[in-house]
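What follows is a short report on a single structure.
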Amino acid sequence: MKSIQYTVVNIDPCLHRVDMRLIFSPSASHSIIGMPNWIPGSYKIRDFAKNMIALSAVADGVAIECEAIDKHRWSIHAEAKKIEVTYSVYTKDISVRTAYLDDQMFFFNLSSLCLYIEGEENTSCLFTLHAPKHPACKSWTVDTGMPHQKLDARKFGVYKADNYDALIDHPFLIGRLHTIKFKAHGVAHRISLVGASAFDHERLAHDLKKICEAQIHLFGGSPVKKEYVFLTWVVGNGYGGLEHRNSTALITSRESLPYEQMPKEYQPYAEFLSLCSHEYFHTWHVKSTKPEAFMPYDLSKENYTRQLWIFEGFTSYYEDIILLRAGLISESQYRTMFAQKITSVERNPGYLVQSAADSSHSTWIKFYDPNENSPNVTVSYYTKGALIAWGLDVMLRRGGQYTLDDLVKYLWKTYGAQSIGVPENTVEKIILEWGGKKLAKALHAWVNGVEPLPLLAWAKASGWTLTHTSDNVDCHVELGVRLSSDGRNTVSVCLDHGAAQLAGISAGDELIAINGIALRGKSLSDSLKRFQPKDAITVHVIRGDILLAYVVTLQAAKPAKVVLSI
């Protein structure tokens with residue numbers, strides 16, 4: 001059977017470089033090859049071709065020209081039985097979206113390494129991964145969810161995929177791996193970690209099993225029939241994940257892993273479990289059930305949808321509920337974690353500027369590429385979507401006939417399990433049928449409007465009391481700025497209509513003194529706690545290489561944190 005062959009010919013950990021070979025039998029005298037511009041699940045044009053080096057080709061052993069068409073595609077003209085393309089890729093991005101290689105480990109998504117052939121997207125693929133020759137790599141082993149054809153003891157060898165979409169939907173983690181296996185509802189699961197030191201293997205397997213079983217129980221089954229893999233890259237400080245069809249790629253900090261004698265409510269571990277829960281939920285809700293605009297993905301350009309508040313927002317709502325249902329966090333801990341979501345939405349003025357639907361649509365240029373003004377004009381479809389999911393769940397339960405569980409299960413069985421994309425406005429139509437015109441109208445306003453959500457009413461219906469408190473009870477004033485973590489009191493954000501912005505201070509300014517007293521070694525709140533609202537103070541800043549002074553009229557500190565209690 002015809003197949004496209006990809007091979008990792010060599011890796012150089014010191015140069016962070018991977019040498020690739022592509023072999024295919026052309027269907028015509030003219031072939032176009034290209035590199036994806038983005039990766040599913042992370043909605044930003046990333047231009048993976050920018051990391052390619054020295055592309056060349058031969059046809060039946062004779063060198064031929066590869067003509068660049070645009071930034072990510074090349075044209076090949078050749079009457080040949082076999083075309084062989086070679087190139088190298090620079091791999092040094094510490095993220096779950098691309099590829100990273102050094103003398104400690106190798107992680108990659110194949111959307112960063114493997115060229116596609118236009119018109120051959122449905123042709124089967126073979127991916128050959130040779131064991132690296134570099135001395136630092138001699139103890140490395142491989143883990144991935146991709147099916148294989150022939151492997152050695154360390155799992156180097158030949159892997160196979162039904163088509164290009166399947167090929168790039170299986171990330172690889174290679175290094176000195178810690179692998180822990182467990183079963184959830186009869187399906188084999190495992191977590192492989194690179195970079196991890198001492199941690200409680202049994203606790204981690206036990207808790208992940210509970211998460212997986214709770215979600216399989218929720219949906220009444222799983223699209224994953226053979227195995228699921230949590231590929232986990234452990235670093236000093238990091239957090240993130242990217243979903244795939246039978247695996248997820250995760251980055252987490254060493255501090256987040258469980259250990260013996262760990263406190264009962266150890267928040268870093270709860271946050272890691274929440275990340276695992278979030279990405280596993282995507283097995284149904286994104287990898288199976290997805291917007292119609294993603295059927296199929298077009299990896300050459302932006303794929304627009306206004307529904308990410310449903311797919312990422314609902315998932316963000318369930319990530320912690322699953323932990324609660326599985327008995328992994330207490331109700332008090334759950335309320336604290338959900339209150340943090342509310343706080344993260346309300347603390348930014350952009351909550352009242354951009355709608356959840358607009359946030360979904362503009363993710364390609366705004367969400368993944370924020371600037372110093374983003375908190376003033378944008379909102380996250382993850383967190384606002386989670387709040388909308390909460391309100392929808394509350395209102396459906398009040399009706400007594402449906403819950404949000406029913407909605408996500410309906411979407412999966414009607415669309416995801418049938419490989420049908422969800423058309424725009426589908427959820428609104430379902431809510432009209434299930435909850436009536438009043439709830440449908442309210443949902444439309446929550447999703448498309450910028451008015452404050454009725455959080456107090458939803459909290460009361462949940463049996464909670466929602467209150468706002470200050471982060472610092474000793475300081476009653478604020479400048480309306482956020483500072484960077486560079487230790488130099490550099491302004492990272494000036495909030496719209498805040499005291500600093502109104503006085504002329506800008507993001508990027510370094511605050512150095514208040515009323516002639518240096519800020520060095522002091523927190524901003526400690527320096528302001530002796531003042532009252534409407535007091536005028538002189539703030540000295542350095543902008544570039546210029547010393548400037550501004551008279552700032554202080555504003556009353558706004559409640560900065562939400563607390564949910566019973």
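Each chain in the structure tokens gets a letter, A, B and so on, in the order shown; residues start at 1 in every chain, and ligands are counted from 1 in the order they appear.
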
May I have the residues within 8 Å of A:Met146 as number ranges by chain, using only C-alpha atoms and disregarding those fewer than 5 positions away in the same chain? A: 159-161, 167, 170

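Residues in contact with A:Leu22 at up to 6 Å, not including ones fewer than 3 positions away on its chain and judged by only C-alpha atoms, are Gln5, Tyr6, Glu84 and Val85 of chain A.
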
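The gap separating atom CA of A:Ser197 from atom CA of A:Pro258 is 10.9 Å, in Å to one decimal.
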
Write out as an MDAnalysis selection string which residues come within 9 Å of A:Ile174 when counting only C-alpha atoms, dropping same-chain ones fewer than 6 positions away. chainID A and resid 105:108 140:144 194

Any chance you could tabulate, as a tab-separated table, the residues of stretch 413-482 of chain A at most 6 Å from stretch 544-561 of chain A with each one's nearest atom pair and distance in Å to one decimal, using only C-alpha atoms, in chain and rising number order?
residue	atom	partner	partner_atom	distance
A:His468	CA	A:Pro559	CA	5.5
A:Thr469	CA	A:Pro559	CA	4.8
A:Ser470	CA	A:Pro559	CA	4.6
A:His476	CA	A:Ala557	CA	5.2
A:Val477	CA	A:Ala557	CA	4.4
A:Glu478	CA	A:Ala557	CA	5.0

Okay, now the selection with C-alpha atoms, as a short mmCIF file (atom, residue, chain, number, x, y, z; two decimals), in the first residue's frame?
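For reference, result_22.cif as written:
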data_model
loop_
_atom_site.label_atom_id
_atom_site.label_comp_id
_atom_site.auth_asym_id
_atom_site.auth_seq_id
_atom_site.Cartn_x
_atom_site.Cartn_y
_atom_site.Cartn_z
CA HIS A 468 -15.23 40.89 47.40
CA THR A 469 -12.20 41.55 49.55
CA SER A 470 -8.90 43.39 49.25
CA HIS A 476 -6.65 51.67 51.21
CA VAL A 477 -5.37 53.30 48.02
CA GLU A 478 -4.05 52.19 44.67
#

DSSP-assigned alpha helix (DSSP H) among stretch 92-270 of chain A, expressed as a short mmCIF file (atom, residue, chain, number, x, y, z; two decimals) with all heavy atoms, in the first residue's frame:
data_model
loop_
_atom_site.label_atom_id
_atom_site.label_comp_id
_atom_site.auth_asym_id
_atom_site.auth_seq_id
_atom_site.Cartn_x
_atom_site.Cartn_y
_atom_site.Cartn_z
N TYR A 164 -2.25 12.28 7.41
CA TYR A 164 -1.42 13.36 7.95
C TYR A 164 -2.02 13.93 9.23
O TYR A 164 -1.29 14.23 10.18
CB TYR A 164 -1.23 14.46 6.91
CG TYR A 164 -0.28 15.55 7.37
CD1 TYR A 164 1.10 15.36 7.28
CD2 TYR A 164 -0.75 16.74 7.90
CE1 TYR A 164 1.99 16.34 7.70
CE2 TYR A 164 0.13 17.73 8.33
CZ TYR A 164 1.50 17.52 8.23
OH TYR A 164 2.36 18.49 8.67
N ASP A 165 -3.34 14.06 9.29
CA ASP A 165 -3.99 14.59 10.48
C ASP A 165 -3.68 13.71 11.69
O ASP A 165 -3.41 14.21 12.78
CB ASP A 165 -5.49 14.69 10.25
CG ASP A 165 -6.22 15.24 11.47
OD1 ASP A 165 -5.99 16.41 11.82
OD2 ASP A 165 -7.01 14.49 12.09
N ALA A 166 -3.74 12.39 11.50
CA ALA A 166 -3.41 11.47 12.60
C ALA A 166 -1.92 11.56 12.95
O ALA A 166 -1.55 11.48 14.13
CB ALA A 166 -3.78 10.05 12.21
N LEU A 167 -1.08 11.71 11.95
CA LEU A 167 0.36 11.80 12.18
C LEU A 167 0.69 12.94 13.14
O LEU A 167 1.43 12.76 14.12
CB LEU A 167 1.09 12.01 10.85
CG LEU A 167 2.61 12.17 10.94
CD1 LEU A 167 3.28 10.82 11.12
CD2 LEU A 167 3.16 12.88 9.69
N HIS A 201 4.75 8.07 43.24
CA HIS A 201 4.22 7.42 42.05
C HIS A 201 2.82 6.87 42.29
O HIS A 201 1.92 7.03 41.44
CB HIS A 201 5.15 6.28 41.62
CG HIS A 201 6.47 6.73 41.10
ND1 HIS A 201 7.14 6.07 40.10
CD2 HIS A 201 7.26 7.78 41.43
CE1 HIS A 201 8.28 6.68 39.84
NE2 HIS A 201 8.38 7.72 40.64
N GLU A 202 2.63 6.20 43.41
CA GLU A 202 1.33 5.56 43.69
C GLU A 202 0.23 6.59 43.83
O GLU A 202 -0.89 6.39 43.34
CB GLU A 202 1.43 4.71 44.96
CG GLU A 202 2.30 3.48 44.80
CD GLU A 202 2.28 2.60 46.04
OE1 GLU A 202 1.49 2.90 46.97
OE2 GLU A 202 3.05 1.63 46.09
N ARG A 203 0.50 7.69 44.49
CA ARG A 203 -0.52 8.74 44.66
C ARG A 203 -0.92 9.32 43.30
O ARG A 203 -2.10 9.53 43.02
CB ARG A 203 0.04 9.84 45.58
CG ARG A 203 -0.85 11.09 45.71
CD ARG A 203 -2.12 10.79 46.48
NE ARG A 203 -2.96 11.96 46.61
CZ ARG A 203 -2.85 12.87 47.61
NH1 ARG A 203 -1.92 12.72 48.54
NH2 ARG A 203 -3.68 13.88 47.67
N LEU A 204 0.06 9.57 42.45
CA LEU A 204 -0.23 10.16 41.15
C LEU A 204 -1.08 9.21 40.31
O LEU A 204 -2.07 9.63 39.69
CB LEU A 204 1.07 10.50 40.43
CG LEU A 204 0.95 11.22 39.09
CD1 LEU A 204 0.14 12.50 39.21
CD2 LEU A 204 2.34 11.52 38.52
N ALA A 205 -0.72 7.94 40.27
CA ALA A 205 -1.50 6.97 39.50
C ALA A 205 -2.92 6.84 40.06
O ALA A 205 -3.90 6.80 39.30
CB ALA A 205 -0.80 5.61 39.51
N HIS A 206 -3.04 6.80 41.37
CA HIS A 206 -4.35 6.69 42.02
C HIS A 206 -5.25 7.86 41.66
O HIS A 206 -6.43 7.70 41.30
CB HIS A 206 -4.14 6.61 43.53
CG HIS A 206 -5.40 6.69 44.34
ND1 HIS A 206 -5.96 7.91 44.74
CD2 HIS A 206 -6.24 5.74 44.80
CE1 HIS A 206 -7.07 7.68 45.41
NE2 HIS A 206 -7.27 6.37 45.48
N ASP A 207 -4.70 9.06 41.71
CA ASP A 207 -5.52 10.25 41.49
C ASP A 207 -5.87 10.44 40.01
O ASP A 207 -6.99 10.83 39.68
CB ASP A 207 -4.79 11.49 42.03
CG ASP A 207 -4.67 11.46 43.56
OD1 ASP A 207 -5.29 10.59 44.18
OD2 ASP A 207 -3.92 12.28 44.11
N LEU A 208 -4.92 10.15 39.12
CA LEU A 208 -5.23 10.24 37.69
C LEU A 208 -6.29 9.21 37.30
O LEU A 208 -7.17 9.50 36.49
CB LEU A 208 -3.97 10.03 36.86
CG LEU A 208 -2.98 11.19 36.80
CD1 LEU A 208 -1.77 10.80 35.95
CD2 LEU A 208 -3.62 12.45 36.25
N LYS A 209 -6.22 8.04 37.87
CA LYS A 209 -7.24 7.01 37.60
C LYS A 209 -8.62 7.52 37.99
O LYS A 209 -9.60 7.34 37.25
CB LYS A 209 -6.89 5.75 38.40
CG LYS A 209 -7.92 4.62 38.31
CD LYS A 209 -7.50 3.45 39.18
CE LYS A 209 -8.56 2.37 39.25
NZ LYS A 209 -8.66 1.62 37.99
N LYS A 210 -8.72 8.18 39.14
CA LYS A 210 -10.02 8.71 39.59
C LYS A 210 -10.53 9.79 38.64
O LYS A 210 -11.73 9.86 38.35
CB LYS A 210 -9.88 9.27 41.01
CG LYS A 210 -9.74 8.20 42.07
CD LYS A 210 -10.17 8.74 43.44
CE LYS A 210 -10.47 7.60 44.38
NZ LYS A 210 -11.48 7.95 45.37
N ILE A 211 -9.64 10.64 38.15
CA ILE A 211 -10.03 11.69 37.21
C ILE A 211 -10.57 11.06 35.92
O ILE A 211 -11.64 11.43 35.43
CB ILE A 211 -8.84 12.61 36.90
CG1 ILE A 211 -8.49 13.48 38.12
CG2 ILE A 211 -9.13 13.49 35.68
CD1 ILE A 211 -7.19 14.23 37.98
N CYS A 212 -9.82 10.11 35.40
CA CYS A 212 -10.21 9.48 34.13
C CYS A 212 -11.54 8.73 34.28
O CYS A 212 -12.41 8.82 33.41
CB CYS A 212 -9.11 8.55 33.64
SG CYS A 212 -7.55 9.40 33.27
N GLU A 213 -11.69 8.01 35.36
CA GLU A 213 -12.93 7.25 35.56
C GLU A 213 -14.12 8.16 35.75
O GLU A 213 -15.22 7.87 35.26
CB GLU A 213 -12.76 6.29 36.74
CG GLU A 213 -11.83 5.14 36.44
CD GLU A 213 -11.74 4.11 37.55
OE1 GLU A 213 -12.03 4.46 38.72
OE2 GLU A 213 -11.36 2.96 37.26
N ALA A 214 -13.93 9.27 36.44
CA ALA A 214 -15.03 10.22 36.64
C ALA A 214 -15.50 10.80 35.31
O ALA A 214 -16.70 10.98 35.08
CB ALA A 214 -14.60 11.34 37.59
N GLN A 215 -14.57 11.08 34.41
CA GLN A 215 -14.95 11.66 33.12
C GLN A 215 -15.57 10.61 32.20
O GLN A 215 -16.55 10.89 31.49
CB GLN A 215 -13.74 12.32 32.47
CG GLN A 215 -13.23 13.52 33.27
CD GLN A 215 -12.27 14.39 32.50
OE1 GLN A 215 -12.21 14.34 31.28
NE2 GLN A 215 -11.52 15.22 33.21
N ILE A 216 -15.03 9.40 32.20
CA ILE A 216 -15.63 8.33 31.39
C ILE A 216 -17.05 8.06 31.88
O ILE A 216 -17.98 7.85 31.08
CB ILE A 216 -14.76 7.06 31.44
CG1 ILE A 216 -13.41 7.32 30.77
CG2 ILE A 216 -15.48 5.89 30.75
CD1 ILE A 216 -12.39 6.21 30.96
N HIS A 217 -17.23 8.09 33.18
CA HIS A 217 -18.58 7.89 33.76
C HIS A 217 -19.52 9.02 33.34
O HIS A 217 -20.69 8.78 33.00
CB HIS A 217 -18.49 7.82 35.28
CG HIS A 217 -19.81 7.73 35.95
ND1 HIS A 217 -20.58 6.58 35.96
CD2 HIS A 217 -20.54 8.66 36.65
CE1 HIS A 217 -21.71 6.80 36.61
NE2 HIS A 217 -21.71 8.06 37.04
N LEU A 218 -19.03 10.25 33.34
CA LEU A 218 -19.86 11.39 32.96
C LEU A 218 -20.40 11.22 31.54
O LEU A 218 -21.59 11.41 31.29
CB LEU A 218 -19.03 12.68 33.05
CG LEU A 218 -19.62 13.94 32.38
CD1 LEU A 218 -20.95 14.32 33.02
CD2 LEU A 218 -18.63 15.10 32.47
N PHE A 219 -19.52 10.85 30.61
CA PHE A 219 -19.93 10.76 29.20
C PHE A 219 -20.54 9.41 28.84
O PHE A 219 -21.09 9.24 27.76
CB PHE A 219 -18.74 11.05 28.29
CG PHE A 219 -18.37 12.51 28.22
CD1 PHE A 219 -17.36 13.03 29.01
CD2 PHE A 219 -19.05 13.36 27.37
CE1 PHE A 219 -17.02 14.39 28.95
CE2 PHE A 219 -18.73 14.72 27.30
CZ PHE A 219 -17.71 15.22 28.09
N GLN A 267 -1.93 23.08 47.20
CA GLN A 267 -2.48 23.74 46.03
C GLN A 267 -1.70 23.49 44.73
O GLN A 267 -2.32 23.29 43.68
CB GLN A 267 -2.60 25.25 46.28
CG GLN A 267 -3.45 25.99 45.28
CD GLN A 267 -4.88 25.46 45.20
OE1 GLN A 267 -5.41 24.90 46.16
NE2 GLN A 267 -5.52 25.63 44.05
N PRO A 268 -0.36 23.48 44.74
CA PRO A 268 0.33 23.19 43.47
C PRO A 268 -0.06 21.85 42.86
O PRO A 268 -0.21 21.74 41.63
CB PRO A 268 1.81 23.23 43.86
CG PRO A 268 1.86 24.14 45.04
CD PRO A 268 0.60 23.87 45.80
N TYR A 269 -0.26 20.84 43.70
CA TYR A 269 -0.66 19.53 43.18
C TYR A 269 -2.09 19.57 42.67
O TYR A 269 -2.41 19.00 41.62
CB TYR A 269 -0.51 18.47 44.27
CG TYR A 269 -0.88 17.07 43.81
CD1 TYR A 269 -0.35 16.54 42.64
CD2 TYR A 269 -1.75 16.29 44.56
CE1 TYR A 269 -0.68 15.26 42.23
CE2 TYR A 269 -2.09 15.00 44.16
CZ TYR A 269 -1.55 14.49 42.98
OH TYR A 269 -1.89 13.22 42.56
N ALA A 270 -2.97 20.26 43.39
CA ALA A 270 -4.36 20.40 42.93
C ALA A 270 -4.40 21.08 41.57
O ALA A 270 -5.20 20.71 40.70
CB ALA A 270 -5.17 21.19 43.95
#

For A:Asn348, which residue out of A:His282, A:Lys225, A:Arg482, A:Lys460 is the nearest one, using only C-alpha atoms?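 Of the candidates, the smallest distance to A:Asn348 is held by A:Arg482.
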
Fewer than 6 positions away in the same chain doesn't count, so skip those; otherwise give me all residues within 7 Å of A:Ala99, counting only C-alpha atoms, as an MDAnalysis selection string. chainID A and resid 91:93 107:109 112

Spatial neighbours of A:Trp309, 10 Å, only C-alpha atoms, chain gap at least 5 places, as an NGL selection string: :A and (314-316 or 355-361 or 380-389 or 447)

Hey, which of A:Gly327, A:Val96, A:Arg306, A:Asp405 ends up closest to A:Ile251? Count only C-alpha atoms.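 Selected residue with least distance to A:Ile251: A:Val96.
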